[in-house]
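Visitor: I am attaching a structure below and will ask some questions about it afterwards.
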Amino acid sequence: MDIAQTLSFQLNLPYIDIDSAIDPEALKLVPESISKKYLLIPLSREGKVLNVAMSDPLNLNAIDDLRFSTSLEVRPHVATIADVTTAINRYYRLNEPIENLVQDLRKDQYVEVVHEPEFDDLSNFIQKSTTPPIIKMVDSIIIQAIDLRASDIHIEAQENFVRLRFRIDGIMREVMQLPKWVSGPAVSRIKVMAKMDIAERRNSQDRRIKVRLGRSPGPEGLSLPTQYGETVVMRVLDPKAAALGIDRLGFSKTDSKRLLGIIKRPQGVVIVTGPTGSGKSSSLYAMVSHIKNEKINIITIEDPIEYELRDVSQVAVNDKAGLTFAHTLRSVLRQDPDVILVGEMRDEETALIAHQASMTGHLVFSTLHTNDAVSSVTRLKNMGIPGYMVASALNGIVAQRLVRRICDHCKAPYAPAPDEAVYFPPKTRLFRGKGCGKCGGSGFYGRVGVFEILVMDRNLRKLISADAPEEELYDAALEGGMVTLQKDGFQKVLEGVTTLDELGRVVYLNEDRE
């Protein structure tokens, strides 16, 4: 930098900070090949003058080539070789994958925003955000995310660039770094698609973007103001995920029978528990889809409605409008339902109404956030539900996690290391993925559930009514046939479905408890 500034002073040419000076329109005037050949990058156009950052502003051949190719006068600016090289790789990299993606798209791949507002009534800033390059960029990000099976798209404003990350199989992966100037127009484009308030940049906004991409899903967007600008997270909701059968979630034959036994009862409460992102919604939808038929009335109460279920009435809560889970649940009970799905038991009132509904002849599905099945009983009591009511109403509890599947294309056996072998019988053979083009080098492709199912029996009901400690409930659940998360996970490791390291990422491996 010192050399470049000295050269700037001696030649009486301006020294430039590239990161804050590049106009995307100027980039279109100079091919990447010329920029790389002469180590220069266009900054901006002022009438018939093109401002260019150059590592060697005395290179007359470079200036002549620029004049010939652009038909503009060239005004050199001094920059370091490192800055120019970084700018070339970063800024031209933005256009390359977008153009390649757009050119390579099949005819049935396109992003169509449903009910998008007209641009004529929007400000000039919004119009700039909907120019074809920005539209192509945002469309290509969504298309690429779907092609890579991403569940979430993160567009994160940083100090000097915008980071694009996808969550694939539950793990965050950085896809690329975009120029800083992309942040405003890209976020505005997404806000327009989601019908968010373009002018609101200080408070977070949460809306759904309903799009058609061939036959693919549409994302749900959340904007959040951060230190360096707005960050956007889009959750990609695949309608096909709602059509998953129970047999495709990863239940063992034994657990599958136990599950069907609790969801086919005419009344009671079925709870699915686990942390955020553990697949609870997919499991609930699979259960409801399995039992639905034309003879029963099913109503769901969700925040938000993630997937559309055919032949099911779905209601979205709206806390701002007073439509809380509890209020909506009271209204739903007057609609003659047979089965009710409550997205989450967030408070005592909702949990109490749900349990009371189950005791008056309804089958109720819901979720909690607890570590395992047994601790859900304690959670319900802490929420204010009497022990006798929990014991009477509860059919069963499903605790779950999601682990990544080993890629079938590069799966290979190996002998476990000593620290792995302690969990398995001698001479056990385990499996792992070597990494290939199919799985992007990760060794994993897709995810599968790890489960434990607590089925209520007479002994458990007595213990819960008597406020027995959690450890006694745990022992009674094991006696009743419950297979723990850890044991179910170990079985999937032995079967070559996942790895021990992957299981340990989501389940605490305790040698003493079992």
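For the structure tokens, the naming scheme is as follows: chains receive sequential letters (A, B, ...) according to their order of presentation, residues are indexed from 1 within each chain, and ligands are indexed from 1 in presentation order.
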Within 12 Å of stretch 163-181 of chain A, which residues of stretch 232-333 of chain A come that close, and what is the closest atom pair and distance in Å for each? Count only C-alpha atoms and give it as JSON lines.
Guide:
```
{"residue": "A:Val232", "atom": "CA", "partner": "A:Leu164", "partner_atom": "CA", "distance": 9.8}
{"residue": "A:Val233", "atom": "CA", "partner": "A:Arg165", "partner_atom": "CA", "distance": 9.5}
{"residue": "A:Met234", "atom": "CA", "partner": "A:Phe166", "partner_atom": "CA", "distance": 9.6}
{"residue": "A:Arg235", "atom": "CA", "partner": "A:Arg167", "partner_atom": "CA", "distance": 9.3}
{"residue": "A:Val236", "atom": "CA", "partner": "A:Arg167", "partner_atom": "CA", "distance": 10.0}
{"residue": "A:Thr276", "atom": "CA", "partner": "A:Gly170", "partner_atom": "CA", "distance": 10.9}
{"residue": "A:Gly277", "atom": "CA", "partner": "A:Gly170", "partner_atom": "CA", "distance": 7.7}
{"residue": "A:Ser278", "atom": "CA", "partner": "A:Gly170", "partner_atom": "CA", "distance": 9.0}
{"residue": "A:Gly279", "atom": "CA", "partner": "A:Gly170", "partner_atom": "CA", "distance": 10.4}
```
Visitor: Stretch 361-438 of chain A: which residues are strand (DSSP E or B) by DSSP, as a list in words?
Guide: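 Filtering stretch 361-438 of chain A to strand (DSSP E or B) leaves Leu363, Val364, Phe365, Ser366, Thr367, Leu368, Leu394, Asn395, Gly396, Ile397, Val398, Ala399, Gln400, Arg401, Leu402, Val403, Arg404, Arg405, Ile406, Lys411, Ala412, Pro413, Tyr414, Leu430, Phe431, Arg432 and Gly433 of chain A.
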Visitor: Can you pull out the residues contacting A:Pro24? Cut-off 10 Å, using only C-alpha atoms, and skip same-chain residues under 3 positions away; I want them as a ChimeraX atom specification.
Guide: /A:21,27-29,42-44,91-92,95,133,179,181-182
Visitor: Which residue, A:Leu323, A:Val339, A:Asp65, A:Ser256, has the smallest gap to A:Pro31 when you use only C-alpha atoms?
Guide: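 Of A:Leu323, A:Val339, A:Asp65, A:Ser256, the one nearest A:Pro31, counting only C-alpha atoms, is A:Asp65.
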Visitor: How far is it from atom CA of A:Gly480 to atom CA of A:Leu460, in Å with one decimal?
Guide: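 Interatomic distance here is 8.6 Å.
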Visitor: Per DSSP on the backbone, what are the alpha helix (DSSP H) residues of stretch 156-279 of chain A, as a list of chain:residue names?
Guide: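 The alpha helix (DSSP H) subset of stretch 156-279 of chain A is A:Ser183, A:Gly184, A:Pro185, A:Ala186, A:Val187, A:Ser188, A:Arg189, A:Ile190, A:Lys191, A:Val192, A:Met193, A:Ala194, A:Lys253, A:Thr254, A:Asp255, A:Ser256, A:Lys257, A:Arg258, A:Leu259, A:Leu260, A:Gly261, A:Ile262, A:Ile263.
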Visitor: Restricting the output to N, CA and C atoms, write the selected residues as a PDB file, in the first residue's frame.
Guide:
```pdb
ATOM      1  N   SER A 183     -25.668  -6.036  -1.365  1.00  0.00           N
ATOM      2  CA  SER A 183     -26.513  -6.158  -0.177  1.00  0.00           C
ATOM      3  C   SER A 183     -27.842  -5.412  -0.322  1.00  0.00           C
ATOM      4  N   GLY A 184     -27.787  -4.109  -0.581  1.00  0.00           N
ATOM      5  CA  GLY A 184     -29.012  -3.315  -0.654  1.00  0.00           C
ATOM      6  C   GLY A 184     -29.982  -3.771  -1.723  1.00  0.00           C
ATOM      7  N   PRO A 185     -29.546  -3.840  -2.998  1.00  0.00           N
ATOM      8  CA  PRO A 185     -30.469  -4.265  -4.054  1.00  0.00           C
ATOM      9  C   PRO A 185     -31.007  -5.678  -3.863  1.00  0.00           C
ATOM     10  N   ALA A 186     -30.166  -6.610  -3.410  1.00  0.00           N
ATOM     11  CA  ALA A 186     -30.621  -7.993  -3.234  1.00  0.00           C
ATOM     12  C   ALA A 186     -31.664  -8.089  -2.132  1.00  0.00           C
ATOM     13  N   VAL A 187     -31.410  -7.417  -1.003  1.00  0.00           N
ATOM     14  CA  VAL A 187     -32.376  -7.444   0.090  1.00  0.00           C
ATOM     15  C   VAL A 187     -33.685  -6.783  -0.338  1.00  0.00           C
ATOM     16  N   SER A 188     -33.578  -5.695  -1.084  1.00  0.00           N
ATOM     17  CA  SER A 188     -34.780  -5.014  -1.558  1.00  0.00           C
ATOM     18  C   SER A 188     -35.575  -5.901  -2.505  1.00  0.00           C
ATOM     19  N   ARG A 189     -34.878  -6.610  -3.365  1.00  0.00           N
ATOM     20  CA  ARG A 189     -35.550  -7.528  -4.289  1.00  0.00           C
ATOM     21  C   ARG A 189     -36.325  -8.596  -3.516  1.00  0.00           C
ATOM     22  N   ILE A 190     -35.692  -9.156  -2.498  1.00  0.00           N
ATOM     23  CA  ILE A 190     -36.343 -10.189  -1.699  1.00  0.00           C
ATOM     24  C   ILE A 190     -37.540  -9.605  -0.949  1.00  0.00           C
ATOM     25  N   LYS A 191     -37.397  -8.369  -0.449  1.00  0.00           N
ATOM     26  CA  LYS A 191     -38.514  -7.722   0.243  1.00  0.00           C
ATOM     27  C   LYS A 191     -39.691  -7.506  -0.703  1.00  0.00           C
ATOM     28  N   VAL A 192     -39.398  -7.118  -1.922  1.00  0.00           N
ATOM     29  CA  VAL A 192     -40.465  -6.922  -2.904  1.00  0.00           C
ATOM     30  C   VAL A 192     -41.173  -8.245  -3.170  1.00  0.00           C
ATOM     31  N   MET A 193     -40.391  -9.315  -3.324  1.00  0.00           N
ATOM     32  CA  MET A 193     -40.978 -10.630  -3.566  1.00  0.00           C
ATOM     33  C   MET A 193     -41.867 -11.070  -2.406  1.00  0.00           C
ATOM     34  N   ALA A 194     -41.460 -10.705  -1.176  1.00  0.00           N
ATOM     35  CA  ALA A 194     -42.181 -11.151   0.018  1.00  0.00           C
ATOM     36  C   ALA A 194     -43.231 -10.147   0.484  1.00  0.00           C
ATOM     37  N   LYS A 253     -38.573 -51.003  12.750  1.00  0.00           N
ATOM     38  CA  LYS A 253     -39.843 -51.729  12.685  1.00  0.00           C
ATOM     39  C   LYS A 253     -40.554 -51.724  14.036  1.00  0.00           C
ATOM     40  N   THR A 254     -39.771 -51.895  15.104  1.00  0.00           N
ATOM     41  CA  THR A 254     -40.360 -51.903  16.440  1.00  0.00           C
ATOM     42  C   THR A 254     -40.941 -50.541  16.789  1.00  0.00           C
ATOM     43  N   ASP A 255     -40.173 -49.486  16.556  1.00  0.00           N
ATOM     44  CA  ASP A 255     -40.655 -48.138  16.866  1.00  0.00           C
ATOM     45  C   ASP A 255     -41.833 -47.745  15.991  1.00  0.00           C
ATOM     46  N   SER A 256     -41.825 -48.212  14.744  1.00  0.00           N
ATOM     47  CA  SER A 256     -42.938 -47.900  13.846  1.00  0.00           C
ATOM     48  C   SER A 256     -44.246 -48.476  14.382  1.00  0.00           C
ATOM     49  N   LYS A 257     -44.206 -49.702  14.897  1.00  0.00           N
ATOM     50  CA  LYS A 257     -45.405 -50.319  15.474  1.00  0.00           C
ATOM     51  C   LYS A 257     -45.851 -49.559  16.721  1.00  0.00           C
ATOM     52  N   ARG A 258     -44.875 -49.161  17.544  1.00  0.00           N
ATOM     53  CA  ARG A 258     -45.203 -48.412  18.762  1.00  0.00           C
ATOM     54  C   ARG A 258     -45.827 -47.066  18.414  1.00  0.00           C
ATOM     55  N   LEU A 259     -45.304 -46.415  17.378  1.00  0.00           N
ATOM     56  CA  LEU A 259     -45.837 -45.119  16.958  1.00  0.00           C
ATOM     57  C   LEU A 259     -47.266 -45.256  16.449  1.00  0.00           C
ATOM     58  N   LEU A 260     -47.501 -46.230  15.582  1.00  0.00           N
ATOM     59  CA  LEU A 260     -48.849 -46.410  15.045  1.00  0.00           C
ATOM     60  C   LEU A 260     -49.849 -46.709  16.165  1.00  0.00           C
ATOM     61  N   GLY A 261     -49.360 -47.367  17.217  1.00  0.00           N
ATOM     62  CA  GLY A 261     -50.240 -47.675  18.340  1.00  0.00           C
ATOM     63  C   GLY A 261     -50.727 -46.449  19.078  1.00  0.00           C
ATOM     64  N   ILE A 262     -49.934 -45.359  19.093  1.00  0.00           N
ATOM     65  CA  ILE A 262     -50.359 -44.161  19.836  1.00  0.00           C
ATOM     66  C   ILE A 262     -51.072 -43.138  18.960  1.00  0.00           C
ATOM     67  N   ILE A 263     -50.837 -43.176  17.638  1.00  0.00           N
ATOM     68  CA  ILE A 263     -51.489 -42.166  16.783  1.00  0.00           C
ATOM     69  C   ILE A 263     -52.828 -42.649  16.228  1.00  0.00           C
TER      70      ILE A 263
END
```
Visitor: So which residues touch A:Val398 within 12 Å, counting only C-alpha atoms, skipping near sequence neighbours fewer than 4 positions away, as a ChimeraX atom specification?
Guide: /A:251,255-256,258-260,262-263,269-274,278-280,283-284,287,365-377,394,449-456,482-485
Visitor: At a cut-off of 12 Å, using only C-alpha atoms, what residues contact A:Leu352? Leave out same-chain residues fewer than 6 positions from it and give the result as a list in words.
Guide: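 Within the cut-off, the hits are Val269, Phe325, Ala326, Leu329, Arg330, Met345, Arg346, Ser358, Met359, Val364, Leu380, Lys381, Asn382, Met383, Gly384, Ile385, Pro386, Gly387, Met389, Val390 and Ala393 of chain A.
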Visitor: Would you mind exporting the chosen residues as a short mmCIF file (atom, residue, chain, number, x, y, z; two decimals), in the first residue's frame, restricted to C-alpha atoms?
Guide:
```cif
data_model
loop_
_atom_site.label_atom_id
_atom_site.label_comp_id
_atom_site.auth_asym_id
_atom_site.auth_seq_id
_atom_site.Cartn_x
_atom_site.Cartn_y
_atom_site.Cartn_z
CA VAL A 269 -52.26 -36.29 23.30
CA PHE A 325 -52.47 -20.57 19.96
CA ALA A 326 -54.79 -20.62 22.98
CA LEU A 329 -57.55 -23.53 19.84
CA ARG A 330 -60.70 -22.48 21.70
CA MET A 345 -47.40 -25.86 23.37
CA ARG A 346 -45.87 -22.49 24.21
CA SER A 358 -58.03 -34.81 24.47
CA MET A 359 -60.08 -35.83 27.50
CA VAL A 364 -54.29 -33.83 19.73
CA LEU A 380 -45.71 -30.26 31.12
CA LYS A 381 -45.96 -30.29 34.91
CA ASN A 382 -43.75 -27.21 35.15
CA MET A 383 -46.11 -25.48 32.72
CA GLY A 384 -48.92 -26.00 35.25
CA ILE A 385 -50.62 -29.14 33.93
CA PRO A 386 -51.69 -31.34 36.89
CA GLY A 387 -49.98 -34.71 37.04
CA MET A 389 -54.25 -34.82 33.73
CA VAL A 390 -50.89 -35.57 32.06
CA ALA A 393 -54.47 -37.56 28.56
#
```
Visitor: So how many Å separate atom CA of A:Ile34 and atom CA of A:Met137, to one decimal?
Guide: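 Going from atom CA of A:Ile34 over to atom CA of A:Met137 covers 23.6 Å.
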Visitor: Nearest to A:Ser289 among A:Ala321, A:Leu224, A:Leu40, A:Leu341, with distances taken over only C-alpha atoms: which residue is it?
Guide: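 Of A:Ala321, A:Leu224, A:Leu40, A:Leu341, the one nearest A:Ser289, counting only C-alpha atoms, is A:Leu341.
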Visitor: Residues at most 9 Å from A:Tyr38, counting only C-alpha atoms, excluding those fewer than 3 positions away in the same chain, as an NGL selection string?
Guide: :A and (33-35 or 41 or 54-56 or 59 or 61-62)
Visitor: Show which residues sit within 6 Å of stretch 310-320 of chain A, as a list in words. Count only C-alpha atoms, and ignore same-chain residues fewer than 5 positions away.
Guide: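 Selected residues are Ile298, Ile299, Thr300, Ile301, Glu302, Asp303, Pro304 and Ile305 of chain A.
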Visitor: Write the residues of the selection above to a file with all heavy atoms, as an mmCIF file, in the first residue's frame.
Guide:
```cif
data_model
loop_
_atom_site.group_PDB
_atom_site.id
_atom_site.type_symbol
_atom_site.label_atom_id
_atom_site.label_comp_id
_atom_site.auth_asym_id
_atom_site.auth_seq_id
_atom_site.Cartn_x
_atom_site.Cartn_y
_atom_site.Cartn_z
ATOM 1 N N ILE A 298 -59.941 -32.935 10.394
ATOM 2 C CA ILE A 298 -58.629 -32.586 10.945
ATOM 3 C C ILE A 298 -58.402 -31.088 10.774
ATOM 4 O O ILE A 298 -58.564 -30.547 9.679
ATOM 5 C CB ILE A 298 -57.503 -33.365 10.249
ATOM 6 C CG1 ILE A 298 -57.737 -34.871 10.390
ATOM 7 C CG2 ILE A 298 -56.139 -32.991 10.835
ATOM 8 C CD1 ILE A 298 -56.711 -35.715 9.658
ATOM 9 N N ILE A 299 -58.009 -30.423 11.860
ATOM 10 C CA ILE A 299 -57.698 -28.992 11.817
ATOM 11 C C ILE A 299 -56.322 -28.780 12.440
ATOM 12 O O ILE A 299 -56.021 -29.330 13.500
ATOM 13 C CB ILE A 299 -58.751 -28.162 12.579
ATOM 14 C CG1 ILE A 299 -60.151 -28.400 11.999
ATOM 15 C CG2 ILE A 299 -58.405 -26.674 12.515
ATOM 16 C CD1 ILE A 299 -61.255 -27.653 12.723
ATOM 17 N N THR A 300 -55.497 -27.982 11.781
ATOM 18 C CA THR A 300 -54.173 -27.666 12.325
ATOM 19 C C THR A 300 -54.109 -26.197 12.707
ATOM 20 O O THR A 300 -54.746 -25.344 12.079
ATOM 21 C CB THR A 300 -53.055 -27.969 11.312
ATOM 22 O OG1 THR A 300 -53.065 -26.977 10.262
ATOM 23 C CG2 THR A 300 -53.212 -29.349 10.695
ATOM 24 N N ILE A 301 -53.326 -25.900 13.741
ATOM 25 C CA ILE A 301 -53.072 -24.524 14.185
ATOM 26 C C ILE A 301 -51.562 -24.348 14.174
ATOM 27 O O ILE A 301 -50.853 -24.981 14.965
ATOM 28 C CB ILE A 301 -53.628 -24.275 15.600
ATOM 29 C CG1 ILE A 301 -55.108 -24.652 15.673
ATOM 30 C CG2 ILE A 301 -53.429 -22.823 16.012
ATOM 31 C CD1 ILE A 301 -55.667 -24.674 17.077
ATOM 32 N N GLU A 302 -51.059 -23.487 13.290
ATOM 33 C CA GLU A 302 -49.624 -23.437 13.052
ATOM 34 C C GLU A 302 -49.098 -22.003 13.042
ATOM 35 O O GLU A 302 -49.848 -21.057 12.802
ATOM 36 C CB GLU A 302 -49.293 -24.102 11.706
ATOM 37 C CG GLU A 302 -49.803 -25.531 11.601
ATOM 38 C CD GLU A 302 -49.633 -26.090 10.203
ATOM 39 O OE1 GLU A 302 -48.472 -26.246 9.767
ATOM 40 O OE2 GLU A 302 -50.649 -26.370 9.534
ATOM 41 N N ASP A 303 -47.816 -21.862 13.271
ATOM 42 C CA ASP A 303 -47.145 -20.554 13.236
ATOM 43 C C ASP A 303 -45.735 -20.717 12.660
ATOM 44 O O ASP A 303 -44.787 -20.969 13.393
ATOM 45 C CB ASP A 303 -47.074 -19.958 14.636
ATOM 46 C CG ASP A 303 -46.424 -18.574 14.649
ATOM 47 O OD1 ASP A 303 -46.435 -17.911 13.588
ATOM 48 O OD2 ASP A 303 -45.901 -18.174 15.702
ATOM 49 N N PRO A 304 -45.578 -20.510 11.344
ATOM 50 C CA PRO A 304 -46.626 -20.327 10.340
ATOM 51 C C PRO A 304 -47.032 -21.674 9.755
ATOM 52 O O PRO A 304 -46.530 -22.714 10.174
ATOM 53 C CB PRO A 304 -45.914 -19.471 9.287
ATOM 54 C CG PRO A 304 -44.508 -20.014 9.324
ATOM 55 C CD PRO A 304 -44.226 -20.371 10.773
ATOM 56 N N ILE A 305 -47.912 -21.637 8.748
ATOM 57 C CA ILE A 305 -48.248 -22.856 8.014
ATOM 58 C C ILE A 305 -47.079 -23.170 7.083
ATOM 59 O O ILE A 305 -46.802 -22.429 6.149
ATOM 60 C CB ILE A 305 -49.544 -22.674 7.198
ATOM 61 C CG1 ILE A 305 -50.719 -22.413 8.141
ATOM 62 C CG2 ILE A 305 -49.814 -23.900 6.332
ATOM 63 C CD1 ILE A 305 -52.008 -22.058 7.429
#
```
Visitor: Which value, in Å to one decimal, gives the distance between atom CA of A:Val403 and atom CA of A:Gly504?
Guide: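 So the two atoms, atom CA of A:Val403 and atom CA of A:Gly504, lie 9.4 Å apart.
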Visitor: Rank A:Ala412, A:Leu244, A:Leu363, A:Met196 by their smallest atom-to-atom distance to A:Gly396, using only C-alpha atoms, and report the top residue only.
Guide: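 Nearest candidate to A:Gly396 out of A:Ala412, A:Leu244, A:Leu363, A:Met196: A:Leu363.
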